[in-house]
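Novice: So I've got this file, entry-v3.cif, and it contains mmCIF, C-alpha atoms and all ligand atoms; chains and numbers go by the auth columns:
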data_query
#
loop_
_atom_site.group_PDB
_atom_site.id
_atom_site.type_symbol
_atom_site.label_atom_id
_atom_site.label_comp_id
_atom_site.label_asym_id
_atom_site.label_seq_id
_atom_site.Cartn_x
_atom_site.Cartn_y
_atom_site.Cartn_z
_atom_site.B_iso_or_equiv
_atom_site.auth_seq_id
_atom_site.auth_asym_id
ATOM 1 C CA MET A 1 -27.096 53.480 99.305 0.00 10 T
ATOM 2 C CA GLY A 2 -24.548 55.483 97.289 0.00 11 T
ATOM 3 C CA PRO A 3 -24.337 55.435 93.489 0.00 12 T
ATOM 4 C CA GLY A 4 -21.102 53.423 93.656 0.00 13 T
ATOM 5 C CA ARG A 5 -22.923 50.657 95.516 0.00 14 T
ATOM 6 C CA ALA A 6 -25.790 50.658 92.994 0.00 15 T
ATOM 7 C CA GLU A 7 -23.300 50.298 90.111 0.00 16 T
ATOM 8 C CA GLU A 8 -21.571 47.459 91.921 0.00 17 T
ATOM 9 C CA ILE A 9 -24.913 45.662 92.332 0.00 18 T
ATOM 10 C CA GLU A 10 -25.782 46.226 88.674 0.00 19 T
ATOM 11 C CA ARG A 11 -22.437 44.727 87.592 0.00 20 T
ATOM 12 C CA ALA A 12 -22.985 41.679 89.832 0.00 21 T
ATOM 13 C CA VAL A 13 -26.517 41.203 88.467 0.00 22 T
ATOM 14 C CA ARG A 14 -25.252 41.501 84.867 0.00 23 T
ATOM 15 C CA ARG A 15 -22.583 38.849 85.537 0.00 24 T
ATOM 16 C CA ARG A 16 -25.140 36.501 87.058 0.00 25 T
ATOM 17 C CA LEU A 17 -27.601 36.919 84.176 0.00 26 T
ATOM 18 C CA ASP A 18 -24.809 36.543 81.576 0.00 27 T
ATOM 19 C CA GLU A 19 -23.785 33.239 83.153 0.00 28 T
ATOM 20 C CA GLN A 20 -27.341 31.976 82.658 0.00 29 T
ATOM 21 C CA GLN A 21 -27.778 33.588 79.254 0.00 30 T
ATOM 22 C CA VAL A 22 -30.634 35.725 80.544 0.00 31 T
ATOM 23 C CA ARG A 23 -30.849 39.162 78.890 0.00 32 T
ATOM 24 C CA PHE A 24 -30.413 42.237 81.087 0.00 33 T
ATOM 25 C CA THR A 25 -33.007 44.330 79.265 0.00 34 T
ATOM 26 C CA PRO A 26 -33.560 48.055 80.033 0.00 35 T
ATOM 27 C CA ARG A 27 -36.722 47.168 82.001 0.00 36 T
ATOM 28 C CA ARG A 28 -34.898 44.564 84.084 0.00 37 T
ATOM 29 C CA ARG A 29 -32.122 47.087 84.722 0.00 38 T
ATOM 30 C CA ARG A 30 -34.706 49.641 85.837 0.00 39 T
ATOM 31 C CA LEU A 31 -36.273 47.032 88.161 0.00 40 T
ATOM 32 C CA VAL A 32 -32.922 46.218 89.729 0.00 41 T
ATOM 33 C CA GLU A 33 -32.296 49.958 90.148 0.00 42 T
ATOM 34 C CA VAL A 34 -35.636 50.408 91.999 0.00 43 T
ATOM 35 C CA LEU A 35 -34.993 47.362 94.224 0.00 44 T
ATOM 36 C CA ALA A 36 -31.442 48.523 94.985 0.00 45 T
ATOM 37 C CA ALA A 37 -32.763 51.934 96.072 0.00 46 T
ATOM 38 C CA ALA A 38 -35.503 50.479 98.315 0.00 47 T
ATOM 39 C CA THR A 39 -34.810 50.233 102.045 0.00 48 T
ATOM 40 C CA ARG A 40 -37.161 47.252 102.519 0.00 49 T
ATOM 41 C CA PRO A 41 -38.913 44.575 100.418 0.00 50 T
ATOM 42 C CA VAL A 42 -41.481 46.191 98.089 0.00 51 T
ATOM 43 C CA THR A 43 -44.743 45.135 96.425 0.00 52 T
ATOM 44 C CA ILE A 44 -45.394 45.416 92.685 0.00 53 T
ATOM 45 C CA ALA A 45 -47.684 48.401 93.443 0.00 54 T
ATOM 46 C CA GLU A 46 -44.817 50.120 95.266 0.00 55 T
ATOM 47 C CA ILE A 47 -42.479 49.392 92.351 0.00 56 T
ATOM 48 C CA SER A 48 -45.032 50.943 89.967 0.00 57 T
ATOM 49 C CA ALA A 49 -45.299 54.025 92.156 0.00 58 T
ATOM 50 C CA GLN A 50 -41.502 54.372 92.075 0.00 59 T
ATOM 51 C CA ALA A 51 -41.221 53.641 88.366 0.00 60 T
ATOM 52 C CA PRO A 52 -44.456 54.591 86.534 0.00 61 T
ATOM 53 C CA ASP A 53 -42.630 53.874 83.249 0.00 62 T
ATOM 54 C CA LEU A 54 -42.745 50.120 84.030 0.00 63 T
ATOM 55 C CA ALA A 55 -46.014 48.347 83.144 0.00 64 T
ATOM 56 C CA VAL A 56 -47.330 46.133 85.953 0.00 65 T
ATOM 57 C CA SER A 57 -47.685 43.037 83.734 0.00 66 T
ATOM 58 C CA SER A 58 -44.108 43.199 82.449 0.00 67 T
ATOM 59 C CA THR A 59 -42.849 44.011 85.950 0.00 68 T
ATOM 60 C CA TYR A 60 -44.376 40.795 87.270 0.00 69 T
ATOM 61 C CA ARG A 61 -42.917 38.726 84.413 0.00 70 T
ATOM 62 C CA ASN A 62 -39.493 40.283 84.830 0.00 71 T
ATOM 63 C CA LEU A 63 -39.527 39.728 88.602 0.00 72 T
ATOM 64 C CA VAL A 64 -40.203 36.035 87.994 0.00 73 T
ATOM 65 C CA VAL A 65 -37.288 35.879 85.525 0.00 74 T
ATOM 66 C CA LEU A 66 -34.980 37.647 87.993 0.00 75 T
ATOM 67 C CA GLU A 67 -36.172 35.410 90.826 0.00 76 T
ATOM 68 C CA THR A 68 -35.452 32.268 88.805 0.00 77 T
ATOM 69 C CA ALA A 69 -31.989 33.649 88.001 0.00 78 T
ATOM 70 C CA GLY A 70 -31.271 34.110 91.732 0.00 79 T
ATOM 71 C CA VAL A 71 -31.184 37.904 91.546 0.00 80 T
ATOM 72 C CA VAL A 72 -34.480 38.617 93.314 0.00 81 T
ATOM 73 C CA HIS A 73 -35.932 37.086 96.480 0.00 82 T
ATOM 74 C CA ARG A 74 -39.699 36.926 97.023 0.00 83 T
ATOM 75 C CA ILE A 75 -41.211 37.257 100.494 0.00 84 T
ATOM 76 C CA VAL A 76 -44.746 35.988 100.977 0.00 85 T
ATOM 77 C CA THR A 77 -46.615 37.251 104.049 0.00 86 T
ATOM 78 C CA GLY A 78 -50.156 37.081 105.386 0.00 87 T
ATOM 79 C CA ASP A 79 -51.702 39.440 102.854 0.00 88 T
ATOM 80 C CA ASP A 80 -52.111 38.786 99.129 0.00 89 T
ATOM 81 C CA PHE A 81 -49.159 40.926 98.120 0.00 90 T
ATOM 82 C CA ALA A 82 -45.769 39.346 97.619 0.00 91 T
ATOM 83 C CA ARG A 83 -42.787 41.574 98.384 0.00 92 T
ATOM 84 C CA PHE A 84 -39.562 41.550 96.440 0.00 93 T
ATOM 85 C CA GLU A 85 -35.985 42.414 97.318 0.00 94 T
ATOM 86 C CA LEU A 86 -32.591 41.773 95.752 0.00 95 T
ATOM 87 C CA ALA A 87 -31.001 38.473 96.787 0.00 96 T
ATOM 88 C CA GLU A 88 -29.033 39.033 99.975 0.00 97 T
ATOM 89 C CA ASP A 89 -25.718 37.865 98.512 0.00 98 T
ATOM 90 C CA LEU A 90 -25.991 41.050 96.407 0.00 99 T
ATOM 91 C CA THR A 91 -27.036 43.460 99.156 0.00 100 T
ATOM 92 C CA GLY A 92 -25.940 41.929 102.472 0.00 101 T
ATOM 93 C CA HIS A 93 -27.337 39.472 104.989 0.00 102 T
ATOM 94 C CA HIS A 94 -30.317 40.631 107.045 0.00 103 T
ATOM 95 C CA HIS A 95 -33.576 39.525 108.632 0.00 104 T
ATOM 96 C CA HIS A 96 -37.164 40.799 108.451 0.00 105 T
ATOM 97 C CA LEU A 97 -39.907 42.143 110.656 0.00 106 T
ATOM 98 C CA VAL A 98 -43.213 40.861 109.225 0.00 107 T
ATOM 99 C CA CYS A 99 -46.557 42.425 110.212 0.00 108 T
ATOM 100 C CA THR A 100 -49.102 39.591 110.264 0.00 109 T
ATOM 101 C CA ALA A 101 -51.984 42.112 110.101 0.00 110 T
ATOM 102 C CA CYS A 102 -51.131 44.211 107.030 0.00 111 T
ATOM 103 C CA GLY A 103 -48.241 42.227 105.564 0.00 112 T
ATOM 104 C CA ALA A 104 -45.727 45.073 105.774 0.00 113 T
ATOM 105 C CA VAL A 105 -42.101 43.942 105.861 0.00 114 T
ATOM 106 C CA GLU A 106 -39.098 45.833 107.217 0.00 115 T
ATOM 107 C CA ASP A 107 -35.443 44.841 107.139 0.00 116 T
ATOM 108 C CA LEU A 108 -33.805 43.973 110.443 0.00 117 T
ATOM 109 C CA HIS A 109 -30.081 43.579 111.011 0.00 118 T
ATOM 110 C CA ALA A 110 -29.398 41.048 113.736 0.00 119 T
ATOM 111 C CA SER A 111 -26.718 41.376 116.416 0.00 120 T
ATOM 112 C CA ALA A 112 -23.336 39.673 116.057 0.00 121 T
ATOM 113 C CA GLU A 113 -24.308 37.462 119.037 0.00 122 T
ATOM 114 C CA LEU A 114 -27.433 36.199 117.260 0.00 123 T
ATOM 115 C CA GLU A 115 -25.515 35.536 114.024 0.00 124 T
ATOM 116 C CA ALA A 116 -22.865 33.652 116.054 0.00 125 T
ATOM 117 C CA ALA A 117 -25.564 31.528 117.711 0.00 126 T
ATOM 118 C CA VAL A 118 -27.069 30.680 114.308 0.00 127 T
ATOM 119 C CA ALA A 119 -23.581 29.860 112.967 0.00 128 T
ATOM 120 C CA ALA A 120 -23.111 27.449 115.901 0.00 129 T
ATOM 121 C CA ALA A 121 -26.445 25.807 115.059 0.00 130 T
ATOM 122 C CA ALA A 122 -25.281 25.504 111.432 0.00 131 T
ATOM 123 C CA GLY A 123 -22.128 23.770 112.685 0.00 132 T
ATOM 124 C CA ARG A 124 -24.237 21.211 114.542 0.00 133 T
ATOM 125 C CA ALA A 125 -26.342 20.690 111.398 0.00 134 T
ATOM 126 C CA ARG A 126 -23.161 20.127 109.312 0.00 135 T
ATOM 127 C CA ARG A 127 -21.960 17.487 111.759 0.00 136 T
ATOM 128 C CA ARG A 128 -25.235 15.695 111.060 0.00 137 T
ATOM 129 C CA GLY A 129 -24.391 15.744 107.355 0.00 138 T
ATOM 130 C CA PHE A 130 -26.675 18.626 106.433 0.00 139 T
ATOM 131 C CA VAL A 131 -25.351 21.058 103.814 0.00 140 T
ATOM 132 C CA VAL A 132 -26.178 24.518 105.202 0.00 141 T
ATOM 133 C CA GLU A 133 -26.587 27.205 102.524 0.00 142 T
ATOM 134 C CA GLY A 134 -27.926 30.017 104.660 0.00 143 T
ATOM 135 C CA HIS A 135 -30.621 30.906 107.143 0.00 144 T
ATOM 136 C CA ARG A 136 -33.791 32.939 107.481 0.00 145 T
ATOM 137 C CA LEU A 137 -35.202 34.396 110.640 0.00 146 T
ATOM 138 C CA ASP A 138 -38.242 36.649 110.531 0.00 147 T
ATOM 139 C CA LEU A 139 -39.869 38.276 113.539 0.00 148 T
ATOM 140 C CA LEU A 140 -43.678 38.103 113.273 0.00 149 T
ATOM 141 C CA GLY A 141 -46.027 40.578 114.904 0.00 150 T
ATOM 142 C CA ARG A 142 -47.772 43.888 114.376 0.00 151 T
ATOM 143 C CA CYS A 143 -46.306 47.046 112.928 0.00 152 T
ATOM 144 C CA PRO A 144 -46.921 50.392 114.686 0.00 153 T
ATOM 145 C CA ALA A 145 -49.842 51.146 112.332 0.00 154 T
ATOM 146 C CA CYS A 146 -51.595 47.851 113.135 0.00 155 T
ATOM 147 C CA ARG A 147 -50.853 47.780 116.848 0.00 156 T
ATOM 148 C CA GLU A 148 -53.964 48.443 118.912 0.00 157 T
ATOM 149 C CA PRO A 149 -53.728 51.739 120.752 0.00 158 T
ATOM 150 C CA ALA A 150 -52.447 51.040 124.263 0.00 159 T
ATOM 151 C CA SER A 151 -55.175 53.214 125.812 0.00 160 T
ATOM 152 C CA ALA A 152 -58.136 51.574 124.001 0.00 161 T
ATOM 153 C CA ALA A 153 -58.790 48.897 126.642 0.00 162 T
ATOM 154 C CA SER A 154 -58.824 51.278 129.572 0.00 163 T
ATOM 155 C CA ALA A 155 -60.842 53.906 127.690 0.00 164 T
ATOM 156 C CA THR A 156 -63.697 51.503 126.894 0.00 165 T
ATOM 157 C CA GLY A 157 -63.450 49.285 129.973 0.00 166 T
ATOM 158 C CA GLY A 158 -65.673 50.048 132.834 0.00 167 T
HETATM 159 ZN ZN ZN B . -49.156 46.345 109.867 0.00 1 S
HETATM 160 ZN ZN ZN B . -28.747 36.110 110.209 0.00 2 S
#
Transcribe the structure of this file into structure tokens.
Ligand SMILES: [Zn+2]
Ligand SMILES: [Zn+2]
Specialist:
Amino acid sequence: MGPGRAEEIERAVRRRLDEQQVRFTPRRRRLVEVLAAATRPVTIAEISAQAPDLAVSSTYRNLVVLETAGVVHRIVTGDDFARFELAEDLTGHHHHLVCTACGAVEDLHASAELEAAVAAAAGRARRRGFVVEGHRLDLLGRCPACREPASAASATGG
């Protein structure tokens, strides 16, 4: 993501917080900067590693504030660690690959065909009087690190 894009995101976040009279403090700005630079949803530990200047306790509090303000989206997976990303209306629509073994999450951009199929489903939902605001579609499975080695079965089998 180029610096121009990061500035654009920061301006959009500032507007959104201003509207809700939520202060865009230096720590919150730093958090948004770290999330904007990330290529996938990150845990609080990963945020701390990226920004050692941010204390973990204040990072958690500020993430909750930003989440309530609609700036940050929280992803809860099988492990105990929530992951955070910027709301997708700030960064662009995408989906996730979720590892059910270790909880790792990667971004996934779906094909135009899949998005069209979901849009058609949304149309059917609207005709039933449902107000569609968006959609989520996560693929669940095992990441390369958690996948059992393909040769393990044959190596131990007899
Ligand atoms: Zn994994
Ligand atoms: Zn989609």
Novice: Taking only C-alpha atoms and all ligand atoms into account, report as a PyMOL selection string which residues have an atom no farther than 12 Å from an atom of ligand ZN 1 (chain S).
Specialist: chain T and resi 86-88+106-115+149-157
Novice: Since I can't run it myself right now, could you work out what the PyMOL selection byres (((not hetatm)) within 12 of (chain S and resi 2)) selects here and report it as an MDAnalysis selection string?
Specialist: chainID T and resid 97 101:105 116:131 142:148
Novice: Could you list, as number ranges by chain, every residue within 12 Å of region 15-23 of chain T, counting all atoms listed in the file and ignoring same-chain residues fewer than 3 positions away?
Specialist: T: 10-12, 26-35, 37-47, 75-76, 78-81, 95-101
Novice: Put the listed atoms of region 108-122 of chain T in a box along x, y and z with 5 Å added on every side and give me the centre and edge lengths in Å to one decimal, as AutoDock Vina command-line options.
Specialist:
--center_x -37.7 --center_y 41.6 --center_z 112.3 --size_x 38.6 --size_y 18.4 --size_z 23.5
Novice: One number please: CA of His82 (chain T) to CA of Thr52 (chain T), in Å, one decimal.
Specialist: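 Going from CA of His82 (chain T) over to CA of Thr52 (chain T) covers 11.9 Å.
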Novice: Interatomic distance between CA of Arg92 (chain T) and CA of Phe139 (chain T)?
Specialist: 29.2 Å
Novice: Counting all atoms listed in the file, which residue out of T:Gly132, T:Arg49, T:Val140, T:Phe93 sits closest to Val73 (chain T)?
Specialist: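 Of T:Gly132, T:Arg49, T:Val140, T:Phe93, the one nearest Val73 (chain T) is T:Phe93, counting all atoms listed in the file.
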Novice: Report the distance between CA of Leu63 (chain T) and CA of Asp89 (chain T) in Å, rounded to one decimal place.
Specialist: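 Taking CA of Leu63 (chain T) and CA of Asp89 (chain T), their separation equals 21.1 Å.
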Novice: Here is a test: counting only C-alpha atoms, which residue of T:Val51, T:Arg25, T:Ala134, T:Ile56 is nearest to Val85 (chain T)?
Specialist: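 Once distances to Val85 (chain T) are computed over only C-alpha atoms, the minimum belongs to T:Val51.
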